[in-house]
Every structure is written in C-alpha cells, then in structure tokens.
Amino acid sequence: MAGVPPQWIILTPSADDEAWREAIASAVSEAELTFVDADRLSDAGREPAYNEVWLTEDALLPRQFGQKPIVVFMPRPDTAPEAVADARGTYAPHSVWQASLLLARAVDQGAEGALVVSGNQLNHIRERRFSLTDWLSIQPPRAGDVVPVRPAVRTALSLFADGAPQPGLEAVWSERIFQYDERAARDWDAAGQLDVTGRPRILVYGPYLALPAGVWRAKVRFAVDEQACKREFRIDWGTPADFQSTSVSPNAPGVYEIELEHVWPDSAMAEIRLWIMEGAFDGRLDFLGATVAYVSEPQFTLA
C-alpha cells in the first residue's frame, strides 16, 4: 500500500470500550497499518506519522497536530459516565460532566467533515462489516451487558443517542441532576424543594452537562408559594461565563415556565442558574427541572 497520511478515529467512552478498541486495532492491523492508542500512549512526545491510525476519546486531540478525524464512534452514550469513572477514578457528578464534554466534542466533528456513527445507528449495523475508507473496514463488536444507569442521567444523555442534533431534539434535565444552595435545601428531603428565606443568592445551579455547538433552548420550571411569589427571581442560561438572563416576579403562587435561548459556538458545559434577587423572611420554591431543546446550527455574522 502506498503511504497513507496519519488518520484519526474518535471513540467516545462506553461500557463496550475494550471491545471497540480491540475491534478497531484488528481492523487497522488487517489494513497493514500501525494502530496507536493515543489515550494509553507512554511516549507523550510521539507525533502521528504516515501509515498510522490513531485512536482517542477526546476529539480535540487531533487538532493539536493540525489534523481531523475520519470517523467518530459513539456506542451506548448513556454508559459513558461509568466508563469515565472506571478509567479515571472519578465519580458522579464529575464523571457525568466529563463524559458529556467528550460526547459533545465528538458530535461537533460532524460539522468538520467526520462520519459520526451514533449509538442508535450502531444498533442496526452491528451484524455486518462496513467500510470507513477504501482501505479500512471494521466489524462493530456486539453490545456488552446491561449497565445500571441512573434514570435522570440516562434521560439527560439521550441528546447524544443519534449523534449530531437535529431541530426538535430535546431532553428532560431532572431536578435530581442539579445542585442547590445548601441553606435552602437542608430542611427538605426531596431534590428541588427550597426554603428561600435569607439574603439574595443563587438557589439552583448546574447541571454542567456539555452541549454540542448550536442554538439551544431551555424551558425552566419552578413553583412558588404565597410568600415566595412576592419576590423577584432571575434565571441564567448558557455557559458559566457566557449566558442569557431574564427576571421574573410571579406575584401569584403557582407553577411557572421560563424559556431562554443561547448560542454555543462550540461544545461547552451548560449551566442554569436560578437566583432570588431580594431578601426573604419566608417562602418555598420547588425547582422542577428543565427541558433542553436543539433549535438550529449556530449562526455567525461577519464583524
């Protein structure tokens, strides 16, 4: 075979990680090329060379060498947090945050020209070999055992089940994956039930799940009682450093839904913050989670 420029394959973390790495290594060997597992490379100074195929979980790594992946495999994305926890010795929520960032970066590669093969697509092609290029083909491994996944995490990560997002895609972010002001939450047993008594502060924040590039809409839901409804609240939606905000003064007890949109130029962690903007002597707020929906590709304008 004539010299082949270095190629990259992205494999997002999953419960089937080892089986996939073995399948990819075998396919590369059959093509008479050299397989390099960049995530387990002992020589940190090594650079990609001709006739090599590099594998990594981090879609940003090829950029360090001015290169792009040819394909992205995203098997069983709902199991990614457990795989990250096992590989890195981290636990929820950190493993969920890290897994979502790797998934979001992988999805973004579709806009860069890579073939993104989603978990749902893999469910339909596992029984046959398919070609990536005219010189490299692979037989996807069978899915492994069922892995326990917290329902709230599984639902949140369903955004990645089909790879690149399409308009209308949405997922529920349960109140169980958010974080809360300790003083507001300490007297309640259920997630999201908050005592607003005290000074102005952030009551709810998180969940720090990453989103791929695009315009994303959040519908944030909460309920207030007769005391809390008299206060002003603010909701932020975006990344921790770049976000849209809106204020609301309910004036009546009940359930409220606030909708905001924000642009992610590239994949990044997402945060919803719910503030109480004035001091309160009494009152209860129930945070009811959010629904996140993909609106469109990010729109850029010339300066």
# chains A, B, ... in the order shown; residues from 1 in each chain; ligands from 1
$ residues_around --residues "Gln227 (chain A)" --least-positions-apart "5" --cutoff "10 Å" --atoms "only C-alpha atoms" --output "list of chain:residue names"
A:Val196, A:Thr197, A:Asn251, A:Ala252, A:Pro253, A:Ala280, A:Phe281, A:Asp282, A:Gly283, A:Arg284, A:Leu285
$ write_last_selection --atoms "all heavy atoms" --output "short mmCIF file (atom, residue, chain, number, x, y, z; two decimals), in the first residue's frame"
data_model
loop_
_atom_site.label_atom_id
_atom_site.label_comp_id
_atom_site.auth_asym_id
_atom_site.auth_seq_id
_atom_site.Cartn_x
_atom_site.Cartn_y
_atom_site.Cartn_z
N VAL A 196 -36.62 29.72 50.62
CA VAL A 196 -35.98 30.92 50.08
C VAL A 196 -35.63 31.94 51.15
O VAL A 196 -35.07 33.01 50.84
CB VAL A 196 -36.87 31.59 49.00
CG1 VAL A 196 -37.18 30.60 47.88
CG2 VAL A 196 -38.15 32.14 49.61
N THR A 197 -35.93 31.65 52.41
CA THR A 197 -35.64 32.58 53.49
C THR A 197 -34.15 32.95 53.51
O THR A 197 -33.28 32.07 53.42
CB THR A 197 -36.01 31.96 54.85
OG1 THR A 197 -37.38 31.57 54.83
CG2 THR A 197 -35.77 32.94 55.98
N ASN A 251 -45.76 37.17 41.51
CA ASN A 251 -46.91 37.90 42.08
C ASN A 251 -48.11 37.02 42.43
O ASN A 251 -49.10 37.53 42.95
CB ASN A 251 -47.38 39.03 41.14
CG ASN A 251 -46.33 40.12 41.00
OD1 ASN A 251 -45.68 40.47 41.97
ND2 ASN A 251 -46.15 40.62 39.78
N ALA A 252 -48.05 35.74 42.12
CA ALA A 252 -49.12 34.83 42.48
C ALA A 252 -48.52 33.43 42.63
O ALA A 252 -47.59 33.06 41.90
CB ALA A 252 -50.22 34.81 41.43
N PRO A 253 -49.00 32.65 43.59
CA PRO A 253 -48.48 31.28 43.74
C PRO A 253 -48.85 30.44 42.53
O PRO A 253 -49.85 30.68 41.86
CB PRO A 253 -49.17 30.79 45.02
CG PRO A 253 -50.40 31.63 45.14
CD PRO A 253 -50.06 32.97 44.58
N ALA A 280 -35.65 37.50 51.74
CA ALA A 280 -37.00 36.98 52.04
C ALA A 280 -37.04 36.49 53.47
O ALA A 280 -36.08 35.89 53.98
CB ALA A 280 -37.34 35.85 51.08
N PHE A 281 -38.16 36.74 54.16
CA PHE A 281 -38.36 36.28 55.52
C PHE A 281 -39.00 34.89 55.57
O PHE A 281 -38.98 34.23 56.60
CB PHE A 281 -39.23 37.28 56.29
CG PHE A 281 -38.55 38.60 56.53
CD1 PHE A 281 -38.93 39.73 55.80
CD2 PHE A 281 -37.53 38.73 57.45
CE1 PHE A 281 -38.31 40.94 56.00
CE2 PHE A 281 -36.89 39.94 57.66
CZ PHE A 281 -37.29 41.06 56.93
N ASP A 282 -39.58 34.49 54.46
CA ASP A 282 -40.27 33.20 54.43
C ASP A 282 -40.53 32.85 52.97
O ASP A 282 -40.40 33.69 52.08
CB ASP A 282 -41.59 33.28 55.20
CG ASP A 282 -42.16 31.88 55.51
OD1 ASP A 282 -41.46 30.89 55.24
OD2 ASP A 282 -43.30 31.81 56.00
N GLY A 283 -40.88 31.60 52.70
CA GLY A 283 -41.26 31.22 51.35
C GLY A 283 -40.62 29.93 50.88
O GLY A 283 -39.53 29.56 51.31
N ARG A 284 -41.32 29.26 49.98
CA ARG A 284 -40.83 28.00 49.42
C ARG A 284 -40.88 28.06 47.91
O ARG A 284 -41.84 28.55 47.30
CB ARG A 284 -41.68 26.83 49.92
CG ARG A 284 -41.39 25.51 49.20
CD ARG A 284 -42.14 24.36 49.83
NE ARG A 284 -42.13 23.19 48.96
CZ ARG A 284 -42.61 21.99 49.32
NH1 ARG A 284 -43.10 21.81 50.54
NH2 ARG A 284 -42.58 20.98 48.47
N LEU A 285 -39.81 27.54 47.29
CA LEU A 285 -39.73 27.39 45.84
C LEU A 285 -39.41 25.94 45.53
O LEU A 285 -38.49 25.36 46.13
CB LEU A 285 -38.66 28.31 45.26
CG LEU A 285 -38.47 28.26 43.72
CD1 LEU A 285 -38.08 29.64 43.20
CD2 LEU A 285 -37.38 27.25 43.32
#
$ select_by_dssp --residues "region 96-170 of chain A" --states "strand (DSSP E or B)" --output "count of residues only"
8
$ atom_distance --atom1 "CA of Pro6 (chain A)" --atom2 "CA of Gln67 (chain A)"
8.4 Å
$ closest_residue --among "A:Ser26, A:Gln121, A:Asn51, A:Gln193" --to "Gly163 (chain A)" --atoms "only C-alpha atoms"
A:Gln121
$ closest_residue --among "A:Arg231, A:Arg129, A:Arg46, A:Arg105" --to "Ala59 (chain A)" --atoms "only C-alpha atoms"
A:Arg105
$ select_by_dssp --residues "region 185-245 of chain A" --states "helix (DSSP H, G or I)" --output "MDAnalysis selection string"
chainID A and resid 185 228:230
$ write_last_selection --atoms "N, CA, C and O atoms" --output "mmCIF file, in the first residue's frame"
data_model
loop_
_atom_site.group_PDB
_atom_site.id
_atom_site.type_symbol
_atom_site.label_atom_id
_atom_site.label_comp_id
_atom_site.auth_asym_id
_atom_site.auth_seq_id
_atom_site.Cartn_x
_atom_site.Cartn_y
_atom_site.Cartn_z
ATOM 1 N N ALA A 185 -31.820 24.102 50.845
ATOM 2 C CA ALA A 185 -32.265 22.724 50.640
ATOM 3 C C ALA A 185 -32.187 21.854 51.887
ATOM 4 O O ALA A 185 -32.729 20.758 51.909
ATOM 5 N N ALA A 228 -43.145 33.201 48.630
ATOM 6 C CA ALA A 228 -42.058 33.310 47.655
ATOM 7 C C ALA A 228 -42.483 34.049 46.395
ATOM 8 O O ALA A 228 -41.660 34.684 45.725
ATOM 9 N N CYS A 229 -43.764 33.988 46.031
ATOM 10 C CA CYS A 229 -44.214 34.614 44.785
ATOM 11 C C CYS A 229 -44.069 36.139 44.810
ATOM 12 O O CYS A 229 -44.127 36.788 43.768
ATOM 13 N N LYS A 230 -43.873 36.711 45.991
ATOM 14 C CA LYS A 230 -43.742 38.158 46.108
ATOM 15 C C LYS A 230 -42.328 38.640 45.799
ATOM 16 O O LYS A 230 -42.085 39.845 45.750
#
$ closest_residue --among "A:Ala241, A:Leu60, A:Val153, A:Ala164" --to "Val107 (chain A)" --atoms "only C-alpha atoms"
A:Ala164
$ atom_distance --atom1 "CA of Glu175 (chain A)" --atom2 "CA of Gly289 (chain A)"
4.2 Å
$ closest_residue --among "A:Phe287, A:Phe35, A:Trp8, A:Tyr180" --to "Glu57 (chain A)" --atoms "only C-alpha atoms"
A:Trp8
$ residues_around --residues "Lys219 (chain A)" --least-positions-apart "5" --cutoff "7 Å" --atoms "only C-alpha atoms" --output "PyMOL selection string"
chain A and resi 257-260+290-292
$ write_last_selection --atoms "N, CA, C and O atoms" --output "short mmCIF file (atom, residue, chain, number, x, y, z; two decimals), in the first residue's frame"
data_model
loop_
_atom_site.label_atom_id
_atom_site.label_comp_id
_atom_site.auth_asym_id
_atom_site.auth_seq_id
_atom_site.Cartn_x
_atom_site.Cartn_y
_atom_site.Cartn_z
N GLU A 257 -43.08 28.55 33.93
CA GLU A 257 -42.12 28.03 32.96
C GLU A 257 -41.50 29.21 32.23
O GLU A 257 -42.21 30.01 31.62
N ILE A 258 -40.18 29.30 32.30
CA ILE A 258 -39.44 30.40 31.68
C ILE A 258 -38.58 29.84 30.55
O ILE A 258 -37.87 28.84 30.74
N GLU A 259 -38.62 30.48 29.40
CA GLU A 259 -37.92 29.99 28.21
C GLU A 259 -36.81 30.95 27.80
O GLU A 259 -37.04 32.16 27.70
N LEU A 260 -35.61 30.41 27.58
CA LEU A 260 -34.48 31.21 27.12
C LEU A 260 -33.73 30.45 26.04
O LEU A 260 -33.74 29.22 26.01
N ALA A 290 -35.77 21.14 33.94
CA ALA A 290 -35.81 21.89 32.70
C ALA A 290 -35.88 20.94 31.51
O ALA A 290 -35.50 19.77 31.61
N THR A 291 -36.38 21.45 30.41
CA THR A 291 -36.33 20.74 29.14
C THR A 291 -35.41 21.51 28.21
O THR A 291 -35.57 22.72 28.02
N VAL A 292 -34.43 20.81 27.66
CA VAL A 292 -33.44 21.43 26.77
C VAL A 292 -33.68 20.94 25.36
O VAL A 292 -33.83 19.74 25.13
#
$ residues_around --residues "Ala111 (chain A)" --least-positions-apart "4" --cutoff "12 Å" --atoms "only C-alpha atoms" --output "ChimeraX atom specification"
/A:68-72,105-107,115-116,163-165,212-214,265-267,297-298
$ write_last_selection --atoms "C-alpha atoms" --output "mmCIF file, in the first residue's frame"
data_model
loop_
_atom_site.group_PDB
_atom_site.id
_atom_site.type_symbol
_atom_site.label_atom_id
_atom_site.label_comp_id
_atom_site.auth_asym_id
_atom_site.auth_seq_id
_atom_site.Cartn_x
_atom_site.Cartn_y
_atom_site.Cartn_z
ATOM 1 C CA LYS A 68 -9.129 15.880 11.833
ATOM 2 C CA PRO A 69 -10.768 12.510 12.487
ATOM 3 C CA ILE A 70 -12.232 10.462 9.662
ATOM 4 C CA VAL A 71 -14.872 8.807 11.835
ATOM 5 C CA VAL A 72 -16.475 9.096 15.269
ATOM 6 C CA ARG A 105 -16.896 17.363 21.346
ATOM 7 C CA ALA A 106 -17.350 14.157 19.361
ATOM 8 C CA VAL A 107 -20.686 15.298 17.935
ATOM 9 C CA LEU A 115 -18.538 10.498 9.750
ATOM 10 C CA VAL A 116 -20.384 10.367 13.091
ATOM 11 C CA GLY A 163 -25.195 11.695 17.099
ATOM 12 C CA ALA A 164 -25.470 15.139 15.519
ATOM 13 C CA PRO A 165 -28.525 17.009 16.887
ATOM 14 C CA PRO A 212 -22.626 20.471 21.135
ATOM 15 C CA ALA A 213 -22.379 23.628 19.060
ATOM 16 C CA GLY A 214 -25.740 25.152 18.205
ATOM 17 C CA PRO A 265 -20.296 28.371 19.130
ATOM 18 C CA ASP A 266 -18.502 25.175 20.159
ATOM 19 C CA SER A 267 -19.229 22.367 22.569
ATOM 20 C CA GLU A 297 -26.879 25.412 13.984
ATOM 21 C CA PRO A 298 -25.002 28.400 15.401
#
$ closest_residue --among "A:Asp37, A:Asp236, A:Asp86, A:Asp286" --to "Ile202 (chain A)" --atoms "only C-alpha atoms"
A:Asp236
$ closest_residue --among "A:Ala171, A:His124, A:Arg234, A:Phe73" --to "Gly110 (chain A)" --atoms "only C-alpha atoms"
A:Phe73
$ residues_around --residues "Val172 (chain A)" --least-positions-apart "6" --cutoff "12 Å" --atoms "only C-alpha atoms" --output "compact mmCIF listing (two decimals) with C-alpha atoms, in the first residue's frame"
# COMPACT_ATOMS: atom_id res chain seq x y z
CA PRO A 151 -32.70 7.24 35.07
CA ALA A 152 -32.15 11.02 35.33
CA VAL A 153 -28.67 10.69 33.78
CA ARG A 154 -29.88 8.33 31.04
CA THR A 155 -32.63 10.78 30.09
CA ALA A 156 -30.26 13.76 30.08
CA LEU A 157 -27.70 11.98 27.89
CA SER A 158 -30.38 10.88 25.40
CA LEU A 159 -29.40 14.04 23.49
CA PRO A 207 -26.10 20.59 35.78
CA ARG A 217 -33.42 26.48 24.20
CA ALA A 218 -34.11 25.82 27.87
CA LYS A 219 -37.56 25.73 29.42
CA VAL A 220 -37.03 26.12 33.16
CA ARG A 221 -39.88 25.18 35.51
CA LEU A 288 -38.99 21.28 38.72
CA GLY A 289 -36.09 20.79 36.31
CA ALA A 290 -35.81 21.89 32.70
CA THR A 291 -36.33 20.74 29.14
CA VAL A 292 -33.44 21.43 26.77
CA ALA A 293 -34.05 21.53 23.01
$ residues_around --residues "Ala99 (chain A)" --least-positions-apart "5" --cutoff "12 Å" --atoms "only C-alpha atoms" --output "MDAnalysis selection string"
chainID A and resid 11:14 57:58 74 76:88 90:94 104:106 153 156:157 160 208:211 268:269
